[in-house]
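**Student:** This one is upload_27.cif, mmCIF, C-alpha atoms and all ligand atoms.
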```
data_protein
loop_
_atom_site.label_atom_id
_atom_site.label_comp_id
_atom_site.auth_asym_id
_atom_site.auth_seq_id
_atom_site.Cartn_x
_atom_site.Cartn_y
_atom_site.Cartn_z
CA MET A 135 0.00 0.00 0.00
CA ARG A 136 1.17 3.50 -0.77
CA VAL A 137 0.32 6.19 1.76
CA ILE A 138 0.78 9.84 0.85
CA ILE A 139 0.46 12.16 3.84
CA GLU A 140 0.00 15.82 2.99
CA SER A 141 -0.18 18.71 5.41
CA SER A 142 -3.63 20.04 4.47
CA PRO A 143 -6.88 19.06 2.69
CA GLU A 144 -5.92 21.49 -0.11
CA ASP A 145 -2.68 19.57 -0.67
CA VAL A 146 -4.62 16.29 -0.70
CA ALA A 147 -6.84 17.78 -3.41
CA ARG A 148 -3.88 18.98 -5.49
CA ARG A 149 -2.08 15.67 -5.15
CA SER A 150 -5.10 13.50 -5.98
CA ALA A 151 -6.19 15.67 -8.92
CA ARG A 152 -2.66 15.61 -10.32
CA TYR A 153 -2.61 11.83 -9.99
CA ILE A 154 -5.85 11.51 -11.98
CA VAL A 155 -4.63 13.90 -14.68
CA ASP A 156 -1.34 11.99 -14.97
CA GLN A 157 -3.12 8.65 -15.21
CA ILE A 158 -5.43 9.93 -17.96
CA ALA A 159 -2.44 11.28 -19.89
CA SER A 160 -0.45 8.12 -19.40
CA LYS A 161 -3.20 5.86 -20.80
CA ALA A 162 -3.73 8.22 -23.75
CA ARG A 163 -0.07 7.74 -24.71
CA TYR A 164 -0.59 4.09 -25.67
CA THR A 165 -4.27 3.71 -26.58
CA SER A 166 -7.23 5.66 -27.87
CA SER A 167 -9.57 3.68 -25.58
CA PRO A 168 -11.29 5.85 -23.01
CA PHE A 169 -9.92 6.21 -19.52
CA VAL A 170 -12.39 4.63 -17.09
CA LEU A 171 -12.63 6.56 -13.84
CA GLY A 172 -14.52 5.51 -10.72
CA LEU A 173 -15.78 8.45 -8.67
CA PRO A 174 -17.13 9.16 -5.18
CA THR A 175 -19.36 11.79 -3.65
CA GLY A 176 -19.07 13.26 -0.15
CA SER A 177 -17.37 16.36 1.15
CA THR A 178 -13.84 14.95 0.98
CA PRO A 179 -13.50 14.83 -2.83
CA LEU A 180 -15.05 18.29 -3.34
CA ASP A 181 -11.67 20.04 -3.35
CA THR A 182 -10.30 17.44 -5.76
CA TYR A 183 -13.19 18.13 -8.14
CA ARG A 184 -12.53 21.87 -7.87
CA GLU A 185 -8.87 21.28 -8.67
CA LEU A 186 -9.74 19.03 -11.64
CA ILE A 187 -12.05 21.75 -12.97
CA ARG A 188 -9.25 24.30 -12.56
CA LEU A 189 -6.79 22.04 -14.40
CA HIS A 190 -9.37 21.48 -17.14
CA ARG A 191 -9.86 25.24 -17.57
CA ALA A 192 -6.11 25.68 -17.65
CA GLY A 193 -6.01 23.25 -20.59
CA GLU A 194 -4.14 20.56 -18.67
CA VAL A 195 -6.78 17.83 -18.96
CA SER A 196 -9.73 16.91 -21.11
CA PHE A 197 -12.48 14.51 -20.03
CA ALA A 198 -13.76 14.04 -23.58
CA ASN A 199 -12.32 10.53 -23.67
CA VAL A 200 -13.15 9.61 -20.08
CA VAL A 201 -15.93 7.27 -18.98
CA THR A 202 -17.02 7.56 -15.35
CA PHE A 203 -18.73 5.20 -12.94
CA ASN A 204 -19.95 6.58 -9.65
CA MET A 205 -19.71 4.45 -6.56
CA ASP A 206 -23.21 4.71 -5.24
CA GLU A 207 -26.62 6.34 -5.17
CA TYR A 208 -29.46 6.48 -2.67
CA VAL A 209 -32.52 4.39 -3.43
CA GLY A 210 -35.79 6.20 -3.98
CA LEU A 211 -34.83 9.89 -4.00
CA PRO A 212 -36.87 11.76 -6.61
CA ALA A 213 -34.92 12.74 -9.75
CA GLY A 214 -33.25 16.10 -9.22
CA HIS A 215 -33.35 15.80 -5.41
CA GLU A 216 -30.78 18.12 -3.82
CA ALA A 217 -29.06 15.29 -1.97
CA SER A 218 -28.99 12.74 -4.79
CA TYR A 219 -25.52 11.78 -5.88
CA ARG A 220 -26.41 12.51 -9.51
CA THR A 221 -27.27 16.11 -8.57
CA PHE A 222 -24.06 16.31 -6.54
CA MET A 223 -21.92 15.09 -9.44
CA GLN A 224 -23.54 17.35 -12.02
CA ARG A 225 -23.18 20.42 -9.82
CA ASN A 226 -19.74 19.82 -8.48
CA PHE A 227 -18.00 18.28 -11.45
CA PHE A 228 -19.70 17.18 -14.65
CA ASP A 229 -21.32 20.56 -15.45
CA HIS A 230 -17.89 22.18 -15.45
CA VAL A 231 -15.84 19.85 -17.65
CA ASP A 232 -16.04 18.48 -21.18
CA ILE A 233 -17.25 14.98 -20.30
CA ARG A 234 -19.83 13.52 -22.71
CA PRO A 235 -23.17 12.92 -20.93
CA GLU A 236 -23.36 9.43 -22.43
CA ASN A 237 -20.06 8.57 -20.74
CA ILE A 238 -21.42 9.25 -17.25
CA ASN A 239 -22.63 6.25 -15.28
CA ILE A 240 -24.39 6.54 -11.93
CA PRO A 241 -26.51 3.75 -10.47
CA ASP A 242 -30.23 4.44 -10.90
CA GLY A 243 -31.74 4.39 -7.43
CA ASN A 244 -35.21 4.63 -8.98
CA ALA A 245 -34.92 1.64 -11.29
CA ALA A 246 -38.04 -0.52 -11.26
CA ASP A 247 -35.87 -3.61 -10.85
CA LEU A 248 -33.00 -2.70 -8.54
CA GLU A 249 -31.42 -6.13 -8.70
CA HIS A 250 -31.28 -5.92 -12.47
CA GLU A 251 -29.86 -2.38 -12.26
CA CYS A 252 -27.01 -3.64 -10.01
CA ALA A 253 -26.15 -6.55 -12.28
CA ASP A 254 -26.35 -4.26 -15.29
CA TYR A 255 -23.99 -1.75 -13.63
CA GLU A 256 -21.36 -4.48 -13.24
CA ARG A 257 -21.95 -5.47 -16.87
CA ARG A 258 -21.43 -1.88 -18.02
CA ILE A 259 -18.17 -1.61 -16.08
CA ALA A 260 -16.92 -4.82 -17.67
CA GLU A 261 -18.02 -3.65 -21.10
CA ALA A 262 -16.06 -0.43 -20.63
CA GLY A 263 -12.96 -2.58 -20.09
CA GLY A 264 -12.90 -2.33 -16.28
CA ILE A 265 -12.09 0.68 -14.15
CA ASP A 266 -8.61 2.15 -14.58
CA LEU A 267 -8.67 4.22 -11.42
CA PHE A 268 -11.24 4.20 -8.64
CA MET A 269 -11.11 7.25 -6.42
CA GLY A 270 -12.99 6.93 -3.14
CA GLY A 271 -13.54 8.54 0.21
CA VAL A 272 -13.99 6.73 3.49
CA GLY A 273 -16.70 6.89 6.13
CA GLU A 274 -15.89 7.47 9.78
CA ASP A 275 -16.60 3.79 10.38
CA GLY A 276 -14.24 2.78 7.60
CA HIS A 277 -16.81 2.13 4.88
CA ILE A 278 -15.92 2.59 1.23
CA ALA A 279 -18.73 3.55 -1.14
CA PHE A 280 -21.69 2.32 0.96
CA ASN A 281 -20.02 -0.92 2.00
CA GLU A 282 -20.94 -0.66 5.63
CA PRO A 283 -19.13 -2.57 8.38
CA PHE A 284 -19.44 -6.35 7.90
CA SER A 285 -20.04 -6.07 4.17
CA SER A 286 -18.53 -8.92 2.22
CA LEU A 287 -15.04 -8.02 1.06
CA GLY A 288 -15.83 -9.89 -2.16
CA SER A 289 -19.11 -8.05 -2.76
CA ARG A 290 -20.22 -6.63 -6.11
CA THR A 291 -22.79 -3.93 -6.88
CA ARG A 292 -25.97 -4.41 -4.85
CA VAL A 293 -28.49 -2.70 -2.59
CA LYS A 294 -27.23 -2.12 0.96
CA THR A 295 -29.07 -1.03 4.08
CA LEU A 296 -27.35 1.99 5.60
CA THR A 297 -26.36 1.91 9.26
CA PRO A 298 -27.88 4.45 11.66
CA ASP A 299 -24.36 5.93 12.03
CA THR A 300 -24.05 6.56 8.31
CA ARG A 301 -27.56 8.02 8.10
CA GLN A 302 -26.69 10.31 11.00
CA ALA A 303 -23.36 11.34 9.38
CA ASN A 304 -25.08 12.03 6.04
CA SER A 305 -28.04 13.87 7.59
CA ARG A 306 -26.09 17.10 7.02
CA PHE A 307 -27.22 16.86 3.39
CA PHE A 308 -30.85 16.33 4.47
CA ASP A 309 -31.52 19.43 6.63
CA GLY A 310 -29.75 17.73 9.53
CA ASP A 311 -32.60 15.22 9.79
CA ALA A 312 -31.45 11.57 9.82
CA ASP A 313 -35.05 10.45 9.27
CA LYS A 314 -34.95 12.03 5.81
CA VAL A 315 -31.89 9.97 4.78
CA PRO A 316 -32.93 6.96 2.70
CA HIS A 317 -32.50 3.60 4.41
CA THR A 318 -30.96 1.92 1.38
CA ALA A 319 -28.56 2.69 -1.43
CA ILE A 320 -27.13 1.01 -4.49
CA THR A 321 -23.41 0.67 -4.04
CA VAL A 322 -20.55 -0.91 -5.91
CA GLY A 323 -19.11 -3.75 -3.85
CA VAL A 324 -15.74 -3.94 -2.17
CA GLY A 325 -14.89 -6.50 -4.84
CA THR A 326 -15.93 -4.02 -7.56
CA VAL A 327 -13.57 -1.40 -6.14
CA LEU A 328 -10.74 -3.91 -5.79
CA SER A 329 -11.18 -4.99 -9.42
CA ALA A 330 -10.06 -1.54 -10.56
CA LYS A 331 -6.48 -1.35 -11.80
CA ARG A 332 -5.70 1.39 -9.27
CA VAL A 333 -7.57 2.53 -6.18
CA MET A 334 -6.99 5.88 -4.50
CA ILE A 335 -8.76 6.61 -1.22
CA LEU A 336 -8.86 10.17 0.16
CA ALA A 337 -9.20 10.99 3.84
CA THR A 338 -9.03 14.37 5.51
CA GLY A 339 -9.70 15.66 9.00
CA LEU A 340 -9.59 14.22 12.48
CA ARG A 341 -12.96 12.52 12.01
CA LYS A 342 -11.29 10.07 9.65
CA ALA A 343 -8.24 9.30 11.81
CA ARG A 344 -9.62 6.09 13.25
CA ALA A 345 -10.63 4.77 9.81
CA VAL A 346 -7.18 5.59 8.44
CA ARG A 347 -5.51 3.77 11.32
CA HIS A 348 -7.63 0.67 10.70
CA ALA A 349 -7.03 0.88 6.96
CA ILE A 350 -3.26 0.96 7.34
CA GLU A 351 -2.33 -0.64 10.65
CA GLY A 352 -5.37 -2.80 11.31
CA GLY A 353 -6.00 -6.29 10.00
CA TYR A 354 -7.79 -7.16 6.76
CA ASN A 355 -11.26 -7.15 8.19
CA HIS A 356 -14.87 -6.84 7.06
CA GLN A 357 -15.63 -4.50 9.97
CA TRP A 358 -13.46 -1.79 8.36
CA THR A 359 -14.14 -2.42 4.71
CA VAL A 360 -11.48 0.11 3.66
CA SER A 361 -8.90 -2.36 5.04
CA ALA A 362 -9.54 -4.50 1.94
CA LEU A 363 -7.26 -2.04 0.15
CA GLN A 364 -4.40 -3.94 1.78
CA THR A 365 -4.92 -6.74 -0.74
CA HIS A 366 -4.82 -4.46 -3.79
CA PRO A 367 -1.62 -4.41 -5.86
CA CYS A 368 -1.96 -0.67 -6.39
CA GLY A 369 -3.81 0.80 -3.44
CA ILE A 370 -3.08 4.37 -2.44
CA ILE A 371 -4.29 6.43 0.50
CA VAL A 372 -3.90 10.18 0.24
CA CYS A 373 -4.61 11.81 3.58
CA ASP A 374 -3.79 14.93 5.53
CA ASP A 375 -1.92 15.17 8.81
CA ASP A 376 -5.16 15.30 10.80
CA ALA A 377 -6.43 12.06 9.29
CA ALA A 378 -3.00 10.50 9.97
CA GLN A 379 -3.20 11.52 13.62
CA GLU A 380 -3.84 8.04 15.00
CA LEU A 381 -1.06 6.31 13.10
CA ARG A 382 1.92 5.20 15.15
CA VAL A 383 4.86 7.59 14.93
CA GLY A 384 6.92 4.86 13.25
CA THR A 385 4.26 4.25 10.61
CA TYR A 386 3.90 7.97 9.94
CA ARG A 387 7.65 8.43 9.57
CA TYR A 388 7.98 5.38 7.36
CA PHE A 389 5.48 6.58 4.79
CA LYS A 390 6.81 10.15 4.90
CA ALA A 391 10.32 8.81 4.22
CA VAL A 392 9.14 6.60 1.33
CA GLU A 393 7.36 9.52 -0.31
CA ALA A 394 10.37 11.80 0.19
CA ASP A 395 12.44 9.19 -1.67
CA ASN A 396 9.77 8.91 -4.38
CA ALA A 397 9.89 12.68 -4.83
CA GLY A 398 13.61 12.37 -5.47
CA LEU A 399 12.89 9.92 -8.29
CA ARG A 400 10.48 12.20 -10.10
C1 LIG B 1 -20.87 8.48 2.09
C2 LIG B 1 -20.45 7.96 0.73
C3 LIG B 1 -19.00 7.51 0.73
C4 LIG B 1 -18.13 8.60 1.34
C5 LIG B 1 -18.57 8.84 2.77
C6 LIG B 1 -17.72 9.89 3.47
O1 LIG B 1 -21.24 7.46 2.96
N1 LIG B 1 -21.26 6.87 0.30
O2 LIG B 1 -18.60 7.23 -0.60
O3 LIG B 1 -16.78 8.20 1.29
O4 LIG B 1 -19.91 9.30 2.73
O5 LIG B 1 -18.15 11.17 3.12
P1 LIG B 1 -17.41 12.50 3.47
O6 LIG B 1 -16.30 12.65 2.49
O7 LIG B 1 -18.44 13.56 3.31
O8 LIG B 1 -16.90 12.39 4.86
#
```
So, in terms of structure tokens, how does the structure I just supplied come out?
Ligand code: GLP

**Tutor:**
Amino acid sequence: MRVIIESSPEDVARRSARYIVDQIASKARYTSSPFVLGLPTGSTPLDTYRELIRLHRAGEVSFANVVTFNMDEYVGLPAGHEASYRTFMQRNFFDHVDIRPENINIPDGNAADLEHECADYERRIAEAGGIDLFMGGVGEDGHIAFNEPFSSLGSRTRVKTLTPDTRQANSRFFDGDADKVPHTAITVGVGTVLSAKRVMILATGLRKARAVRHAIEGGYNHQWTVSALQTHPCGIIVCDDDAAQELRVGTYRYFKAVEADNAGLR
């Protein structure tokens, strides 16, 4: 696992956006096939989206040959609902870059047959050639996408029941009222995330420190689904100092030293 510890959320955003831009450019050097990018919602990636938009406006990246797959979507929110992940993505990213609408994939939480929608989502990912890079955030309880504690680490896209903790944490997007947060969501599975060629998880702030500790120093465990990243050949965590707060001093120094060496190689 690679762990990049930056000093601030802004640096996490710059670093992660740069990584995405570099990966898109690097694939374009050897193939005209689209770059397939997995994307999260949440407050953590907001700065990364802002930075990607800035880089796009500066002419440093085009999304014209990028296909995206979002991680998750609430079940049953009316189309255009303020808190739906589709609304979030349009507002915070897609409306500001040159991505083709037909290249955007977000699970349909209003599909008549949700089971079919989940299976079809996996089929669409496979048809696109698999995900080149999955960016994700992490919940305070260590969940990735909506893979709540005790989700199968081999899971694929399916409907999950959200825990009361997650509904409480996400109530800030629903007028602070946890009762308004849907009880279920469609989410890619842990296995879906791990099938991506690269996975980059972002974590900022003290609230995420426990999850980051479990992801890096804890055991591979379905209670902290983010820990499954330990089995990925190219798993990266980009976090800030606050989110690294609970790491042991030795762990912190180790990853700082590795990245300082990496910087020398660039
Ligand atoms: C939700 C999303 C996750 C996200 C998590 C953390 O539960 N389904 O994909 O990682 O929230 O969100 P935030 O970045 O706002 O802390």

**Student:** Select the residues contacting ligand LIG 1 (chain B) at a distance of at most 6 Å, based on all atoms listed in the file, then format the selection as a ChimeraX atom specification.

**Tutor:** /A:174-178,270-273,278-280

**Student:** From the options A:Arg306, A:Arg258, A:His348, A:His356, which residue's atoms come nearest to Asn237 of chain A, counting all atoms listed in the file?

**Tutor:**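 With all atoms listed in the file as the atom set, the closest residue is A:Arg258.
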
**Student:** Just to confirm, what's the straight-line distance from atom CA of Gly310 of chain A to atom CA of Ile335 of chain A in Å (one decimal)?

**Tutor:**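 Taking atom CA of Gly310 of chain A as the start and atom CA of Ile335 of chain A as the end point, the length is 26.1 Å.
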
**Student:** Which distance in Å separates atom CA of Leu173 of chain A and atom CA of Asn204 of chain A, to one decimal?

**Tutor:** 4.7 Å

**Student:** Can you work out the spacing between atom CA of His366 of chain A and atom CA of Gly323 of chain A in Å, to one decimal?

**Tutor:**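 Separating atom CA of His366 of chain A from atom CA of Gly323 of chain A is a distance of 14.3 Å.
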
**Student:** Find, counting all atoms listed in the file, the residue in A:Thr338, A:Thr295, A:Asn199, A:Ser329 that gets nearest to Ala162 of chain A.

**Tutor:**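 Using all atoms listed in the file, the shortest distance to Ala162 of chain A belongs to A:Asn199.
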
**Student:** Quick one: residues within 8 Å of Asp376 of chain A, only C-alpha atoms, excluding same-chain residues fewer than 6 positions away - as a list in words?

**Tutor:**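 In the requested format, the answer is Thr338, Gly339, Leu340 and Ala343 of chain A.
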
**Student:** Might you pull out every residue within 10 Å of Ala213 of chain A, with only C-alpha atoms counted and same-chain residues fewer than 6 positions away left off, and present them as a count of residues only?

**Tutor:** 5

**Student:** Given all atoms listed in the file as the basis, pick out the residue of A:Ala337, A:Leu363, A:Cys252, A:Ile350 nearest to Ala377 of chain A.

**Tutor:**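 Using all atoms listed in the file, Ala377 of chain A sits closest to A:Ala337.
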
**Student:** Need to verify the contact set: Thr359 of chain A, 7 Å, all atoms listed in the file, exclusion of same-chain residues closer than 3 positions in sequence. Can you return it as an NGL selection string?

**Tutor:** :A and (276-278 or 281 or 283 or 285 or 287 or 355-356 or 362)

**Student:** Give one line per residue of segment 220-329 of chain A that approaches segment 146-155 of chain A to at most 10 Å, naming the two atoms of the closest pair and their distance in Å to one decimal, counting only C-alpha atoms; sort by chain then ascending residue number and deliver it as CSV.

**Tutor:**
```
residue,atom,partner,partner_atom,distance
A:Leu267,CA,A:Ile154,CA,7.8
A:Phe268,CA,A:Ile154,CA,9.7
A:Met269,CA,A:Ser150,CA,8.7
```

**Student:** Considering only C-alpha atoms, can you say which of A:Leu248, A:Ala217, A:Cys373, A:Ile158 comes closest to Asp309 of chain A?

**Tutor:**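 Among A:Leu248, A:Ala217, A:Cys373, A:Ile158, it is A:Ala217 that comes nearest to Asp309 of chain A.
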